[in-house]
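K.L.:
The structure follows.
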Number of protein chains: 2
Amino acid sequence: MTTKGRPRSFDRDAALDAALHEFWRHGYEATSLAGLTKAMGINPPSLYAAFGDKRRLFTAAVQRYADTHGRYGALALARPTAREAVETMLRLAAAEYAAPGHPPGCLVVDGATNTTDAARDVREELRAVREGNKKAIAAKITADVAAGLLPPGVAEEADALAGFYASVIQGMSTQARDGADRAALERIAEIALRAWPAGPDAGAGADAGAGTDEGAGADAGTGGGTAGA
Amino acid sequence: MTTKGRPRSFDRDAALDAALHEFWRHGYEATSLAGLTKAMGINPPSLYAAFGDKRRLFTAAVQRYADTHGRYGALALARPTAREAVETMLRLAAAEYAAPGHPPGCLVVDGATNTTDAARDVREELRAVREGNKKAIAAKITADVAAGLLPPGVAEEADALAGFYASVIQGMSTQARDGADRAALERIAEIALRAWPAGPDAGAGADAGAGTDEGAGADAGTGGGTAGA
DNA sequence: CGAGTTCTGTAGTGGTCGCTACAGATGAAC
DNA sequence: GTTCATCTGTAGCGACCACTACAGAACTCG
């Protein structure tokens with residue numbers, strides 16, 4: 001299978017990166033073909049030949065995002081414990097969302113927030129990714145409860161905890177887009193980690209790494225009491 | 001000054017409410033004049049005579065939102081203590097974001113997330129409201145430190161705490177738009193409140209008795225003081 | 001070389017965007 | 001009634017939207 005015909009005169013990956021940045025900054029529908037072709041340095045027919053159409057180009061950009069800037073999610077979920085996974089996810093998100101060289105915030109969180117009815121499927125595409133991440137966090141928590149790393153009562157609020165940390169991360173994206181720098185985002189992450197449930201031997205305050213005020217009984221009492229009531 | 005000429009044939013407030021719902025659901029730029037006029041039950045010339053143009057109609061809709069569904073923010077900030085303000089804001093937001101009868105989430109958070117360069121000022125308008133709310137929360141915290149309701153060290157992280165709770169609320173809006181119901185949002189709010197700093201006499205870690213700090217801050221029945229225990 | 005294949009730039013397509021000119025309709029003032 | 005001011009619906013403005021027909025350019029193959 002040889003490559004016949006006139007060869008492509010642009011770098012497909014570089015063009016995809018340029019498209020990704022456009023979608024990242026403006027969102028799906030607010031990104032025009034004119035803006036895309038200008039940023040990518042190509043003309044519409046080349047775009048359509050290489051990527052299909054705007055809709056498929058967006059999906060390709062999301063995929064590329066997941067493989068590059070958005071890789072922190074998978075990296076964090078690969079950590080052995082739920083606590084490490086959540087902490088890693090928060091801290092990597094803080095660093096990534098405000099990193100120079102690309103638009104602030106998260107493409108998956110804010111890439112298709114404002115859509116017409118015609119682009120409802122685009123919003124659904126990103127929503128599915130967000131919900132998948134949330135479920136993955138909940139699964140990590142449930143697994144740690146089963147492994148004895150977290151008290152049994154935490155199992156009942158695994159979904160709630162996952163929803164909380166998903167909410168924080170999504171809010172961090174908005175904060176980054178509003179101008180928060182990396183330090184500010186890291187402070188948000190740090191405070192969010194104070195809400196992590198105490199270990200299985202709660203009350204003794206055997207906490208891994210975090211807050212100065214955290215190990216004490218207040219949080220342990222809150223979590224255990226609410227869950228067990 | 002009498003009213004001469006043909007009287008307006010539609011209810012201006014009702015039309016504004018309809019426009020608000022359109023902007024709320026789709027965001028500023030994804031809302032078309034055609035969609036607005038259809039939802040408002042009027043024709044373009046009537047819209048322009050009554051509200052100026054799409055841009056000014058949006059600002060009027062944001063103002064109406066602030067006076068109605070978005071009133072929870074001002075209500076919460078009117079509470080005497082920072083703790084009550086934040087707790088009230090979280091719980092009212094949880095109830096409001098998933099309430100039936102209107103689109104999910106918050107207009108101020110998600111009403112102008114995806115914009116072209118031409119509508120950058122719209123995004124700025126909402127960003128200013130968000131940042132104002134964040135600063136108001138920080139001011140409440142700083143005031144409570146000055147009043148002795150919170151330990152002096154909290155003053156240094158007043159901005160960080162405000163950023164954290166703003167982040168949670170903004171994330172709750174995304175969660176609501178992704179389908180979270182009121183109960184799920186309230187669980188997020190509850191977990192977020194676990195990160196609230198301990199009272200002024202908490203440094204020694206003598207807090208098994210929750211009454212020390214919670215008695216002043218938590219109102220009856222809200223669960224702010226770990227109600228179930 | 002010529003034939004075959006694919007890419008590239010030009011120059012549009014119909015459709016929708018926000019917005020408005022215009023004329024008829026509908027009221028108050030006289 | 002007549003006059004005048006304002007609103008209303010129709011109909012259409014130029015600009016932009018995503019997208020593509022077309023022809024020439026640039027490559028591999030025989």
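Note on naming: chains are A, B, ... as they come in the structure tokens, residues start from 1 per chain, ligands start from 1 in the order shown.
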Give as an MDAnalysis selection string every residue of chain A that touches chain D within 7 Å, counting only C-alpha atoms (C1' of nucleotides).

P.N.:
chainID A and resid 4:7 33

K.L.:
Taking all heavy atoms for each residue, export the selection above as a PDB file, in the first residue's frame.

P.N.:
```
ATOM      1  N   LYS A   4       0.044   7.166  -2.868  1.00  0.00           N
ATOM      2  CA  LYS A   4       0.020   7.772  -4.182  1.00  0.00           C
ATOM      3  C   LYS A   4      -0.610   9.152  -4.093  1.00  0.00           C
ATOM      4  O   LYS A   4      -1.288   9.489  -3.127  1.00  0.00           O
ATOM      5  CB  LYS A   4      -0.822   6.890  -5.126  1.00  0.00           C
ATOM      6  CG  LYS A   4      -0.192   6.690  -6.492  1.00  0.00           C
ATOM      7  CD  LYS A   4      -1.037   5.727  -7.312  1.00  0.00           C
ATOM      8  CE  LYS A   4      -0.693   5.840  -8.770  1.00  0.00           C
ATOM      9  NZ  LYS A   4      -1.634   5.049  -9.596  1.00  0.00           N
ATOM     10  N   GLY A   5      -0.410   9.928  -5.087  1.00  0.00           N
ATOM     11  CA  GLY A   5      -1.005  11.253  -5.115  1.00  0.00           C
ATOM     12  C   GLY A   5      -0.172  12.309  -4.422  1.00  0.00           C
ATOM     13  O   GLY A   5       0.880  12.038  -3.850  1.00  0.00           O
ATOM     14  N   ARG A   6      -0.664  13.511  -4.472  1.00  0.00           N
ATOM     15  CA  ARG A   6       0.055  14.647  -3.877  1.00  0.00           C
ATOM     16  C   ARG A   6       0.111  14.511  -2.357  1.00  0.00           C
ATOM     17  O   ARG A   6      -0.913  14.289  -1.701  1.00  0.00           O
ATOM     18  CB  ARG A   6      -0.681  15.928  -4.247  1.00  0.00           C
ATOM     19  CG  ARG A   6      -0.046  17.179  -3.666  1.00  0.00           C
ATOM     20  CD  ARG A   6      -0.754  18.407  -4.199  1.00  0.00           C
ATOM     21  NE  ARG A   6      -0.222  19.618  -3.637  1.00  0.00           N
ATOM     22  CZ  ARG A   6      -0.587  20.829  -4.021  1.00  0.00           C
ATOM     23  NH1 ARG A   6      -1.496  20.966  -4.965  1.00  0.00           N
ATOM     24  NH2 ARG A   6      -0.064  21.900  -3.468  1.00  0.00           N
ATOM     25  N   PRO A   7       1.277  14.641  -1.782  1.00  0.00           N
ATOM     26  CA  PRO A   7       1.383  14.473  -0.326  1.00  0.00           C
ATOM     27  C   PRO A   7       0.826  15.685   0.414  1.00  0.00           C
ATOM     28  O   PRO A   7       0.818  16.790  -0.109  1.00  0.00           O
ATOM     29  CB  PRO A   7       2.888  14.331  -0.094  1.00  0.00           C
ATOM     30  CG  PRO A   7       3.512  15.074  -1.221  1.00  0.00           C
ATOM     31  CD  PRO A   7       2.590  14.905  -2.394  1.00  0.00           C
ATOM     32  N   LEU A  33     -15.061  27.839  11.672  1.00  0.00           N
ATOM     33  CA  LEU A  33     -14.180  27.230  10.684  1.00  0.00           C
ATOM     34  C   LEU A  33     -13.093  28.212  10.264  1.00  0.00           C
ATOM     35  O   LEU A  33     -11.932  27.830  10.071  1.00  0.00           O
ATOM     36  CB  LEU A  33     -14.979  26.787   9.459  1.00  0.00           C
ATOM     37  CG  LEU A  33     -15.232  25.297   9.313  1.00  0.00           C
ATOM     38  CD1 LEU A  33     -13.939  24.545   9.072  1.00  0.00           C
ATOM     39  CD2 LEU A  33     -15.940  24.756  10.536  1.00  0.00           C
TER      40      LEU A  33
END
```

K.L.:
Distance cut-off 6 Å, counting only C-alpha atoms - which residues of chain A neighbour chain B? Return them as a list in words.

P.N.:
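The complete set of qualifying residues is His26, Gly27, Ala30, Asn114, Thr115, Thr116, Ala160, Phe164, Ser167, Val168, Gln170, Gly171, Met172, Arg187, Ile188, Arg194, Ala195, Thr222, Gly225, Thr226 and Ala229 of chain A.
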
K.L.:
May I ask which of the residues B:Ala94, B:Met40, B:Ala143, B:Ala49 is the closest one to B:His21, counting only C-alpha atoms?

P.N.:
B:Met40

K.L.:
When all Cα positions are paired in order and chain A is fitted onto chain B, what RMSD is left, to one decimal?

P.N.:
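Result: 6.2 Å C-alpha RMSD.
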
K.L.:
Could you list the residues in chain C lying within 6 Å of chain A, using only C-alpha atoms (C1' of nucleotides), and format the result as a list in words?

P.N.:
DT5, DT6 and DC7 of chain C

K.L.:
Okay, now the selection with N, CA, C and O atoms (P, O5', C5', C4', C3', O3' and C1' of nucleotides), as a tab-separated table (two decimals), in the first residue's frame?

P.N.:
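Result file is result.tsv:
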```
chain	number	residue	atom	x	y	z
C	5	DT	P	-6.68	5.81	-10.27
C	5	DT	O5'	-6.15	6.70	-9.07
C	5	DT	C5'	-4.93	6.32	-8.41
C	5	DT	C4'	-4.52	7.42	-7.43
C	5	DT	C3'	-5.67	8.02	-6.62
C	5	DT	O3'	-5.37	7.90	-5.25
C	5	DT	C1'	-4.31	9.72	-7.54
C	6	DT	P	-6.49	8.10	-4.10
C	6	DT	O5'	-5.97	9.43	-3.39
C	6	DT	C5'	-4.62	9.49	-2.96
C	6	DT	C4'	-4.20	10.94	-2.78
C	6	DT	C3'	-5.17	11.79	-1.95
C	6	DT	O3'	-4.45	12.36	-0.86
C	6	DT	C1'	-4.52	12.92	-3.90
C	7	DC	P	-5.25	13.12	0.35
C	7	DC	O5'	-4.66	14.59	0.21
C	7	DC	C5'	-3.25	14.77	0.22
C	7	DC	C4'	-2.91	16.11	-0.44
C	7	DC	C3'	-3.51	17.32	0.27
C	7	DC	O3'	-2.48	18.22	0.64
C	7	DC	C1'	-3.93	17.40	-2.07
```

K.L.:
At what distance in Å, to one decimal, does atom CA of B:Lys140 lie from atom CA of B:Arg79?

P.N.:
9.5 Å

K.L.:
Could you state the separation of atom CA of A:Gly70 and atom CA of A:Glu87 in Å, given to one decimal place?

P.N.:
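Distance between the two atoms: 15.8 Å.
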
K.L.:
Any idea what the distance is between atom CA of B:Glu156 and atom CA of B:Ala136?

P.N.:
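Computing it gives 15.7 Å between the two atoms.
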
K.L.:
Which of stretch 64-104 of chain A end up as alpha helix (DSSP H) when DSSP is run on this backbone - answer as a VMD selection string?

P.N.:
chain A and resid 64 to 67 72 to 77 82 to 97
